[in-house]
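Trainee: Just run-v8.txt, nothing more (compact mmCIF, C-alpha atoms):
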```
# COMPACT_ATOMS: atom_id res chain seq x y z
CA MET A 993 88.81 76.62 91.33
CA ARG A 994 88.92 79.18 94.07
CA ILE A 995 92.18 81.00 94.82
CA ARG A 996 92.59 83.52 97.56
CA ILE A 997 95.57 85.79 97.64
CA VAL A 998 96.71 88.21 100.30
CA ALA A 999 98.87 91.25 99.64
CA GLY A 1000 101.46 92.06 102.30
CA SER A 1001 102.08 88.39 103.05
CA SER A 1002 105.56 86.94 103.40
CA ALA A 1003 104.80 84.87 100.30
CA PRO A 1004 104.87 86.95 97.11
CA ILE A 1005 101.57 86.95 95.23
CA TYR A 1006 102.87 84.78 92.35
CA LYS A 1007 104.01 82.19 94.89
CA GLN A 1008 100.57 82.17 96.52
CA ILE A 1009 99.04 81.40 93.12
CA VAL A 1010 101.56 78.62 92.46
CA ASP A 1011 100.82 77.05 95.85
CA ALA A 1012 97.06 77.35 95.44
CA ILE A 1013 97.11 75.70 92.01
CA ARG A 1014 99.47 72.97 93.21
CA ARG A 1015 96.94 72.28 95.96
CA THR A 1016 93.95 72.13 93.63
CA ILE A 1017 95.87 69.72 91.41
CA ALA A 1018 96.97 67.61 94.38
CA THR A 1019 93.44 67.30 95.73
CA GLY A 1020 92.14 66.36 92.31
CA GLU A 1021 89.92 69.41 92.09
CA LEU A 1022 91.72 70.12 88.83
CA ALA A 1023 92.17 66.83 87.01
CA VAL A 1024 94.72 65.88 84.36
CA GLY A 1025 93.82 67.50 81.06
CA GLU A 1026 91.67 70.22 82.58
CA THR A 1027 92.53 73.79 81.63
CA LEU A 1028 93.50 76.57 83.98
CA PRO A 1029 91.80 79.94 83.67
CA SER A 1030 93.59 82.18 81.17
CA VAL A 1031 96.19 84.61 82.51
CA ARG A 1032 93.91 87.57 81.84
CA GLN A 1033 90.88 85.93 83.33
CA LEU A 1034 92.63 84.98 86.57
CA ALA A 1035 94.29 88.41 86.82
CA LYS A 1036 90.91 90.04 86.45
CA GLU A 1037 89.30 87.76 89.00
CA LEU A 1038 92.02 88.39 91.59
CA VAL A 1039 92.47 92.08 90.67
CA ILE A 1040 96.20 91.75 90.17
CA ASN A 1041 98.71 92.52 87.45
CA PRO A 1042 98.57 89.90 84.66
CA ASN A 1043 102.38 89.64 84.67
CA THR A 1044 102.14 88.19 88.16
CA VAL A 1045 99.81 85.44 86.95
CA ALA A 1046 102.07 84.84 83.94
CA LYS A 1047 105.03 84.38 86.28
CA ALA A 1048 103.09 81.89 88.41
CA TYR A 1049 102.05 79.91 85.33
CA ALA A 1050 105.62 79.91 84.05
CA GLU A 1051 106.74 78.38 87.33
CA LEU A 1052 104.03 75.71 87.15
CA VAL A 1053 105.11 74.87 83.60
CA GLN A 1054 108.73 74.74 84.75
CA SER A 1055 107.87 72.30 87.50
CA GLY A 1056 106.05 70.06 85.02
CA LEU A 1057 102.61 70.28 86.63
CA VAL A 1058 101.14 72.31 83.83
CA GLU A 1059 101.69 72.39 80.09
CA THR A 1060 100.96 75.03 77.57
CA GLN A 1061 100.00 74.72 73.93
CA ALA A 1062 99.60 77.68 71.65
CA GLY A 1063 95.94 78.54 71.35
CA ARG A 1064 94.84 76.01 73.94
CA GLY A 1065 96.05 77.78 77.04
CA PHE A 1066 97.39 76.06 80.13
CA PHE A 1067 96.29 72.62 81.27
CA VAL A 1068 97.19 70.07 83.90
CA THR A 1069 99.65 67.45 82.70
CA LYS A 1070 100.04 63.80 83.51
CA ARG A 1071 102.33 63.62 86.44
CA ARG A 1072 105.80 62.63 85.50
CA CYS A 1073 109.07 62.91 87.28
CA VAL A 1074 110.96 65.99 86.27
CA TYR A 1075 113.80 65.51 88.74
CA SER A 1076 117.08 63.69 88.27
CA LYS A 1077 117.71 60.55 90.36
CA THR A 1078 119.83 62.36 92.94
CA GLU A 1079 117.53 65.36 93.11
CA ARG A 1080 114.57 63.06 93.62
CA MET A 1081 116.36 61.36 96.50
CA ARG A 1082 117.53 64.65 97.97
CA ARG A 1083 113.97 65.95 98.05
CA LEU A 1084 112.69 62.80 99.67
CA ASP A 1085 115.46 62.92 102.29
CA GLU A 1086 114.63 66.52 103.06
CA SER A 1087 111.03 65.68 103.91
CA ILE A 1088 112.08 62.61 105.87
CA GLN A 1089 114.54 64.62 107.94
CA SER A 1090 111.81 66.97 109.04
CA LEU A 1091 109.52 64.05 109.81
CA ILE A 1092 112.24 62.37 111.89
CA GLY A 1093 112.84 65.61 113.77
CA GLN A 1094 109.16 65.85 114.67
CA ALA A 1095 108.93 62.17 115.57
CA ILE A 1096 111.92 62.35 117.92
CA ALA A 1097 110.62 65.52 119.55
CA MET A 1098 107.34 63.76 120.32
CA ASP A 1099 108.97 60.52 121.55
CA PHE A 1100 107.86 58.20 118.75
CA THR A 1101 109.92 55.04 118.27
CA PRO A 1102 111.22 54.38 114.73
CA ASP A 1103 108.78 51.47 114.36
CA GLU A 1104 105.77 53.50 115.44
CA ALA A 1105 106.66 56.23 112.98
CA LEU A 1106 107.35 53.79 110.16
CA ASP A 1107 104.09 51.92 110.69
CA ARG A 1108 102.19 55.16 110.54
CA VAL A 1109 104.00 56.24 107.38
CA ARG A 1110 103.19 52.92 105.72
CA GLU A 1111 99.55 53.15 106.76
CA LEU A 1112 99.05 56.68 105.43
CA PHE A 1113 101.08 55.99 102.29
CA GLU A 1114 98.87 53.06 101.38
CA LYS A 1115 95.75 55.00 102.14
CA ALA A 1116 96.94 57.76 99.82
CA LEU A 1117 97.55 55.29 97.00
CA ARG A 1118 94.07 53.82 97.41
CA ASN A 1119 92.53 57.28 97.40
CA PRO A 1120 94.63 59.34 95.00
CA SER A 1121 92.66 62.54 95.43
CA HIS A 1122 94.39 63.11 98.73
CA SER A 1123 97.92 62.41 97.67
CA ASN A 1124 100.36 64.84 96.22
CA MET B 1395 107.39 103.60 68.68
CA SER B 1396 109.84 103.70 71.56
CA GLU B 1397 109.72 100.95 74.17
CA ILE B 1398 110.19 103.55 76.89
CA ALA B 1399 107.12 105.54 77.95
CA ILE B 1400 108.77 107.82 80.50
CA GLU B 1401 112.41 108.70 80.79
CA ALA B 1402 114.26 110.99 83.19
CA SER B 1403 117.95 111.74 83.09
CA GLY B 1404 119.82 113.83 85.61
CA LEU B 1405 116.50 115.42 86.55
CA THR B 1406 116.96 118.00 89.30
CA ARG B 1407 114.69 120.63 90.78
CA TYR B 1408 115.43 123.21 93.45
CA TYR B 1409 112.91 125.31 95.34
CA GLY B 1410 115.03 128.30 96.31
CA SER B 1411 118.25 126.81 97.61
CA LYS B 1412 116.60 123.55 98.57
CA PRO B 1413 117.02 120.56 96.24
CA ILE B 1414 113.74 118.61 96.11
CA VAL B 1415 114.50 116.29 93.20
CA ARG B 1416 118.16 115.38 92.98
CA GLN B 1417 119.76 114.13 89.83
CA ILE B 1418 117.33 111.31 89.16
CA ASP B 1419 117.44 108.82 86.31
CA PHE B 1420 114.77 106.26 85.57
CA ALA B 1421 112.84 104.71 82.73
CA VAL B 1422 109.28 103.36 82.65
CA PRO B 1423 108.82 100.71 79.94
CA ARG B 1424 105.70 100.80 77.79
CA GLY B 1425 102.94 98.51 78.94
CA SER B 1426 104.02 98.49 82.56
CA VAL B 1427 102.16 99.56 85.67
CA THR B 1428 104.75 101.33 87.79
CA GLY B 1429 104.17 102.14 91.43
CA LEU B 1430 106.00 105.24 92.66
CA LEU B 1431 106.57 105.00 96.39
CA GLY B 1432 108.04 107.59 98.71
CA LEU B 1433 107.30 109.31 101.98
CA ASN B 1434 105.51 112.65 101.98
CA GLY B 1435 107.82 115.42 100.85
CA THR B 1436 110.36 113.24 99.02
CA GLY B 1437 109.70 114.80 95.64
CA LYS B 1438 107.14 112.46 94.06
CA THR B 1439 104.67 115.18 93.11
CA THR B 1440 107.46 117.51 91.97
CA THR B 1441 108.81 114.76 89.73
CA ILE B 1442 105.35 114.07 88.30
CA ARG B 1443 104.75 117.77 87.65
CA ILE B 1444 108.04 117.98 85.74
CA LEU B 1445 107.16 114.86 83.72
CA VAL B 1446 103.88 116.31 82.51
CA GLY B 1447 105.46 119.68 81.75
CA LEU B 1448 103.78 121.71 84.48
CA LEU B 1449 107.11 122.56 86.07
CA ALA B 1450 110.54 123.12 84.56
CA PRO B 1451 113.48 121.19 85.96
CA THR B 1452 116.44 123.14 87.30
CA ARG B 1453 118.75 120.71 85.49
CA GLY B 1454 118.39 117.53 83.49
CA ARG B 1455 115.60 116.44 81.20
CA SER B 1456 112.62 114.16 80.99
CA ALA B 1457 110.56 112.79 78.15
CA VAL B 1458 107.10 111.23 77.97
CA LEU B 1459 106.07 109.11 74.97
CA GLY B 1460 109.39 110.08 73.45
CA ILE B 1461 108.73 113.83 73.60
CA ASP B 1462 110.59 116.27 75.85
CA SER B 1463 108.31 117.15 78.78
CA GLN B 1464 109.00 120.86 78.29
CA GLN B 1465 108.01 120.76 74.60
CA LEU B 1466 104.63 119.01 74.79
CA SER B 1467 102.11 120.33 72.28
CA PRO B 1468 98.36 120.20 73.00
CA SER B 1469 98.02 117.10 70.80
CA ASP B 1470 100.88 115.41 72.72
CA ARG B 1471 99.13 116.25 75.96
CA ALA B 1472 95.94 114.65 74.70
CA ARG B 1473 97.82 111.33 74.66
CA ILE B 1474 98.58 111.64 78.38
CA GLY B 1475 96.04 111.20 81.14
CA PHE B 1476 97.12 113.05 84.24
CA ALA B 1477 95.18 113.19 87.50
CA VAL B 1478 96.44 115.60 90.14
CA GLU B 1479 96.62 114.70 93.80
CA GLY B 1480 93.38 115.32 95.69
CA HIS B 1481 90.88 114.73 92.86
CA PHE B 1482 90.17 118.35 92.09
CA LEU B 1483 86.69 118.98 90.68
CA TYR B 1484 84.47 122.07 90.50
CA ASN B 1485 81.92 121.79 93.28
CA TRP B 1486 79.13 123.61 91.44
CA MET B 1487 79.13 121.21 88.49
CA SER B 1488 77.11 118.05 88.06
CA VAL B 1489 78.99 114.90 87.02
CA ALA B 1490 77.50 115.28 83.52
CA ALA B 1491 78.81 118.87 83.36
CA CYS B 1492 82.26 117.66 84.41
CA GLU B 1493 82.20 115.25 81.50
CA ARG B 1494 81.07 117.90 78.99
CA PHE B 1495 83.71 120.32 80.27
CA GLN B 1496 86.55 117.81 80.11
CA SER B 1497 85.56 116.13 76.84
CA GLY B 1498 85.57 119.50 75.06
CA THR B 1499 89.32 119.74 75.50
CA PHE B 1500 90.19 116.32 74.04
CA PRO B 1501 90.05 115.14 70.43
CA ARG B 1502 88.87 111.67 71.44
CA TRP B 1503 86.30 110.88 74.08
CA ASP B 1504 84.74 107.56 75.11
CA SER B 1505 81.42 108.35 76.83
CA ARG B 1506 80.72 104.68 77.28
CA LEU B 1507 83.92 104.24 79.27
CA PHE B 1508 83.07 107.33 81.32
CA ARG B 1509 79.67 105.91 82.22
CA ASP B 1510 81.02 102.45 82.95
CA THR B 1511 83.69 103.88 85.23
CA ILE B 1512 81.41 106.12 87.29
CA ASP B 1513 78.97 103.25 87.46
CA ARG B 1514 81.63 101.12 89.09
CA PHE B 1515 81.99 103.78 91.79
CA GLY B 1516 78.21 103.94 92.22
CA ILE B 1517 77.80 107.44 90.80
CA SER B 1518 75.09 108.74 88.49
CA LEU B 1519 75.49 111.53 85.91
CA ASP B 1520 73.09 113.97 87.54
CA THR B 1521 74.83 113.99 90.93
CA LYS B 1522 76.32 117.31 92.01
CA VAL B 1523 80.06 117.23 92.67
CA SER B 1524 79.46 118.88 96.04
CA GLN B 1525 77.43 115.83 97.09
CA LEU B 1526 80.04 113.23 96.17
CA SER B 1527 81.91 111.27 98.82
CA ARG B 1528 85.68 111.28 98.68
CA GLY B 1529 85.72 107.86 97.00
CA GLN B 1530 83.19 109.02 94.44
CA ARG B 1531 85.26 112.13 93.67
CA ALA B 1532 88.16 109.78 92.98
CA GLY B 1533 85.88 107.80 90.67
CA VAL B 1534 84.81 110.87 88.71
CA SER B 1535 88.38 112.12 88.51
CA LEU B 1536 89.55 108.73 87.24
CA ALA B 1537 86.70 108.51 84.71
CA LEU B 1538 87.55 112.00 83.42
CA THR B 1539 91.20 110.99 83.05
CA LEU B 1540 90.58 107.67 81.29
CA SER B 1541 87.82 108.65 78.89
CA SER B 1542 90.16 110.59 76.61
CA LEU B 1543 91.81 107.18 76.03
CA PRO B 1544 95.37 108.28 76.86
CA GLU B 1545 98.35 106.08 76.00
CA LEU B 1546 100.05 107.09 79.21
CA LEU B 1547 98.35 107.40 82.57
CA ILE B 1548 100.01 109.39 85.35
CA LEU B 1549 98.07 109.36 88.60
CA ASP B 1550 99.25 111.28 91.65
CA ASP B 1551 98.09 109.36 94.72
CA PRO B 1552 94.76 108.23 93.25
CA ALA B 1553 93.94 106.01 96.24
CA LEU B 1554 94.28 108.76 98.84
CA GLY B 1555 91.60 108.32 101.49
CA LEU B 1556 89.57 105.64 99.69
CA ASP B 1557 87.60 102.92 101.45
CA PRO B 1558 88.31 99.26 100.58
CA VAL B 1559 85.44 98.98 98.10
CA ASN B 1560 86.49 102.07 96.16
CA ARG B 1561 90.13 100.95 96.27
CA ARG B 1562 89.12 97.74 94.60
CA ALA B 1563 87.11 99.66 91.99
CA LEU B 1564 90.16 101.85 91.39
CA ASN B 1565 92.53 98.89 91.05
CA GLU B 1566 90.18 97.07 88.68
CA THR B 1567 89.70 100.15 86.56
CA ILE B 1568 93.43 100.86 86.24
CA LEU B 1569 94.31 97.25 85.40
CA GLU B 1570 91.56 96.93 82.82
CA PHE B 1571 92.47 100.20 81.22
CA VAL B 1572 96.14 99.35 80.85
CA GLN B 1573 95.27 95.96 79.37
CA SER B 1574 92.76 97.36 76.92
CA GLY B 1575 95.55 98.64 74.69
CA ASP B 1576 99.22 99.36 74.49
CA ARG B 1577 99.09 101.57 77.55
CA THR B 1578 101.34 102.49 80.43
CA ALA B 1579 100.57 103.70 83.94
CA LEU B 1580 102.63 105.45 86.58
CA LEU B 1581 100.95 105.96 89.91
CA SER B 1582 102.20 107.26 93.20
CA SER B 1583 100.75 105.69 96.32
CA HIS B 1584 101.23 104.96 99.98
CA LEU B 1585 99.12 101.80 99.86
CA LEU B 1586 101.72 99.05 99.63
CA ASP B 1587 99.15 96.24 99.44
CA ASP B 1588 97.46 97.79 96.42
CA VAL B 1589 100.76 98.52 94.73
CA GLU B 1590 101.84 94.91 95.28
CA ARG B 1591 98.69 93.76 93.51
CA ILE B 1592 98.58 96.01 90.51
CA ALA B 1593 102.14 97.13 89.78
CA ASP B 1594 104.78 95.18 87.90
CA ARG B 1595 107.52 97.77 88.41
CA ILE B 1596 108.56 99.75 91.44
CA LEU B 1597 110.20 103.12 91.83
CA ILE B 1598 111.09 104.19 95.36
CA MET B 1599 112.13 107.77 96.05
CA VAL B 1600 114.10 108.63 99.16
CA ASN B 1601 115.12 112.23 99.86
CA GLY B 1602 114.69 113.35 96.28
CA ARG B 1603 116.62 110.43 94.81
CA ILE B 1604 115.62 107.14 93.23
CA ALA B 1605 116.56 104.33 95.61
CA VAL B 1606 114.84 101.51 93.72
CA ASP B 1607 113.95 101.10 90.05
CA CYS B 1608 113.22 97.48 89.18
CA PRO B 1609 110.51 94.91 88.46
CA LEU B 1610 108.39 94.26 91.54
CA GLU B 1611 109.38 90.61 91.71
CA SER B 1612 113.12 91.33 91.72
CA LEU B 1613 112.63 93.60 94.71
CA VAL B 1614 110.98 90.71 96.54
CA ASP B 1615 113.52 88.17 95.30
CA ARG B 1616 116.59 90.19 96.24
CA VAL B 1617 115.68 91.62 99.61
CA SER B 1618 115.85 89.51 102.75
CA CYS B 1619 115.46 90.08 106.48
CA CYS B 1620 117.91 88.80 109.02
CA THR B 1621 117.67 88.87 112.81
CA VAL B 1622 120.96 89.15 114.68
CA GLU B 1623 122.01 89.62 118.27
CA LEU B 1624 124.21 92.68 118.60
CA ASP B 1625 125.73 94.67 121.44
CA ASP B 1626 124.92 98.35 121.75
CA ASP B 1627 127.53 99.48 119.26
CA THR B 1628 125.34 100.00 116.22
CA THR B 1629 128.08 101.92 114.39
CA LYS B 1630 129.42 98.50 113.39
CA LEU B 1631 126.38 98.06 111.19
CA GLY B 1632 128.03 100.40 108.70
CA GLN B 1633 130.43 97.56 107.83
CA ILE B 1634 127.69 95.32 106.51
CA PRO B 1635 127.56 95.51 102.73
CA ARG B 1636 124.21 96.17 101.06
CA LEU B 1637 122.39 96.84 104.30
CA ILE B 1638 119.17 98.72 103.58
CA HIS B 1639 117.87 99.27 107.04
CA ALA B 1640 118.39 98.14 110.60
CA ARG B 1641 115.76 98.17 113.31
CA ARG B 1642 116.35 97.40 116.95
CA VAL B 1643 113.88 95.10 118.72
CA GLY B 1644 115.02 94.65 122.32
CA LYS B 1645 118.41 92.93 122.31
CA ARG B 1646 118.09 91.96 118.70
CA CYS B 1647 118.44 93.79 115.49
CA VAL B 1648 116.35 93.15 112.40
CA LEU B 1649 118.46 93.85 109.34
CA THR B 1650 117.01 94.24 105.88
CA LEU B 1651 119.57 93.43 103.22
CA VAL B 1652 119.72 93.26 99.47
CA ASP B 1653 121.58 90.50 97.59
CA PHE B 1654 122.68 88.60 100.71
CA ASP B 1655 125.84 86.63 99.95
CA SER B 1656 128.98 85.26 101.56
CA GLN B 1657 130.37 88.80 101.95
CA THR B 1658 127.34 89.78 103.98
CA GLN B 1659 127.63 86.60 105.99
CA ASP B 1660 131.33 87.30 106.70
CA ALA B 1661 130.63 90.88 107.71
CA LEU B 1662 127.93 89.72 110.12
CA GLN B 1663 130.37 87.29 111.70
CA ARG B 1664 133.15 89.91 111.90
CA ILE B 1665 131.04 92.36 113.84
CA GLY B 1666 130.11 89.60 116.23
CA GLY B 1667 126.44 89.45 115.40
CA GLU B 1668 125.33 85.87 115.69
CA ASN B 1669 123.27 85.05 112.64
CA LEU B 1670 119.96 83.88 114.04
CA SER B 1671 117.68 83.57 111.07
CA ARG B 1672 117.14 84.84 107.58
CA ASN B 1673 113.90 85.02 105.61
CA PRO B 1674 112.92 86.45 102.27
CA ALA B 1675 111.33 89.86 102.78
CA ALA B 1676 107.69 90.44 102.01
CA PHE B 1677 107.02 93.24 99.53
CA ASP B 1678 105.91 95.67 102.23
CA GLU B 1679 108.92 94.88 104.44
CA ALA B 1680 111.28 95.54 101.55
CA ALA B 1681 109.52 98.77 100.62
CA ILE B 1682 109.33 100.04 104.20
CA ALA B 1683 113.01 99.28 104.73
CA TYR B 1684 113.92 101.56 101.83
CA LEU B 1685 111.43 104.20 102.86
CA SER B 1686 112.81 104.32 106.40
CA ARG B 1687 116.43 104.52 105.39
CA SER B 1688 118.19 107.29 107.16
CA ARG B 1689 121.77 106.45 106.43
CA GLY B 1690 123.29 107.98 103.33
CA SER B 1691 121.40 108.09 100.10
CA GLU B 1692 123.49 105.91 97.84
CA SER B 1693 121.44 103.68 95.65
CA PHE B 1694 121.47 99.91 95.80
CA PHE B 1695 119.05 99.30 92.97
CA THR B 1696 119.98 101.18 89.87
CA PRO B 1697 118.97 100.38 86.31
CA SER B 1698 122.55 99.30 85.58
CA GLN B 1699 122.27 96.43 88.04
CA PRO B 1700 120.72 93.22 86.65
```
Can you turn what I pasted into structure tokens?

Mentor:
Amino acid sequence: MRIRIVAGSSAPIYKQIVDAIRRTIATGELAVGETLPSVRQLAKELVINPNTVAKAYAELVQSGLVETQAGRGFFVTKRRCVYSKTERMRRLDESIQSLIGQAIAMDFTPDEALDRVRELFEKALRNPSHSN
Amino acid sequence: MSEIAIEASGLTRYYGSKPIVRQIDFAVPRGSVTGLLGLNGTGKTTTIRILVGLLAPTRGRSAVLGIDSQQLSPSDRARIGFAVEGHFLYNWMSVAACERFQSGTFPRWDSRLFRDTIDRFGISLDTKVSQLSRGQRAGVSLALTLSSLPELLILDDPALGLDPVNRRALNETILEFVQSGDRTALLSSHLLDDVERIADRILIMVNGRIAVDCPLESLVDRVSCCTVELDDDTTKLGQIPRLIHARRVGKRCVLTLVDFDSQTQDALQRIGGENLSRNPAAFDEAAIAYLSRSRGSESFFTPSQP
């Protein structure tokens, strides 16, 4: 796993770590059951304060992507839905709204957009390493 | 053992009739790496000199490791590692002589750590101080400060004038040292990127006062930037609650605010500024906003606030 962080970015460092790990999990580079580097190890590698890594890991645990067990460290969990029904729908709607906005701006018809969504959705299911 | 490594209350220092440090209160928790930010001449070095007992305060008091700064005994001092600004070393000594000279004044000395540290800065023991580059001087100075294995590290602008490679060596060394025991570090710096990486707490001094004293992440979480369109009457900005700093860019005004809420929103609408956009502030934006504050000196971030 290779994480790059940039100081002075609009994203705080802990957020950059969260995003980077989310990405490595989404692409399958880190598979279910695999362990993350320890807080100390990652802090040392990135030359940052360990509390920053701890905060990032806490957020990953909170979001259900990562689990922790005493003595075993942090590892990638089986994906499960941590959102309530309404929250799940709200999040989906949010992404769809932005997609619709883009589609309208570029003169796609609803059918064209929907066909494309279906096509890419199915492709992602066939090839899970590219889904998230 | 107290959970507070450094404590200042009502600390004040005048030079003649000029107040340099004004009535400051702050606490540095054990185990933290605290970045002390402030423009040149805002009283950072004066504060540090009072903390380590090299200067008496005009009023107020400070304590390090639970002991009054003005009452430190030699054995108390041995528990504190203090590096003055500018990495002072005797030019006629070799690096080995520097180590012998310094180690003689401390009860504990870790030669292995000394060697490992200078090694990281690419320095050998037989080099003459007069032949060291600025970054290497910083390396020797840091090695001399760490090798007595202090519980508390106070570094006055250790990164001054260092190239990127030596800055990394410095950051690595400080982080490793703090983690290698129950240790605390306070360092002043102008390098916001480095502070963002290695610190977990932030102190910002403005005009001799403490403007910010909080965990680094709450500074980032609470400060946001907002761009508004305003007419020329900037006096209206005074009505915006919790405004840290305003900067004009053409017809627009970039406002940096802390704890943006409905009150702030209302105030922006009242003064006729159309709210264009709001983003969370990056660490350097938040810090620079405080550092460039010219209006008043009242504090927004005090320890009493959550």

Trainee: Using all atoms listed in the file and a distance of at most 8 Å, pull out the residues of chain B that contact chain A, as a VMD selection string.

Mentor: chain B and resid 1562 1565 to 1566 1569 to 1570 1586 to 1588 1590 to 1594 1611 1614 1674 to 1678

Trainee: Find the distance between atom CA of Val1031 of chain A and atom CA of Thr1511 of chain B and write it in Å to one decimal.

Mentor: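 Pair atom CA of Val1031 of chain A / atom CA of Thr1511 of chain B returns 23.1 Å.
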
Trainee: Which is closest to Thr1027 of chain A among A:Ala1050, A:Ala1105, A:Val1068, A:Leu1112, if we use all atoms listed in the file?

Mentor: A:Val1068

Trainee: Could you list, as a list in words, every residue within 6 Å of Cys1620 of chain B, counting all atoms listed in the file and ignoring same-chain residues fewer than 6 positions away?

Mentor: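 Result of the neighbour search: Val1648, Leu1649, Ser1671 and Arg1672 of chain B.
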
Trainee: What's the separation between atom CA of Thr1441 of chain B and atom CA of Ala1402 of chain B, in Å to one decimal place?

Mentor: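 That distance, rounded to one decimal, is 9.3 Å.
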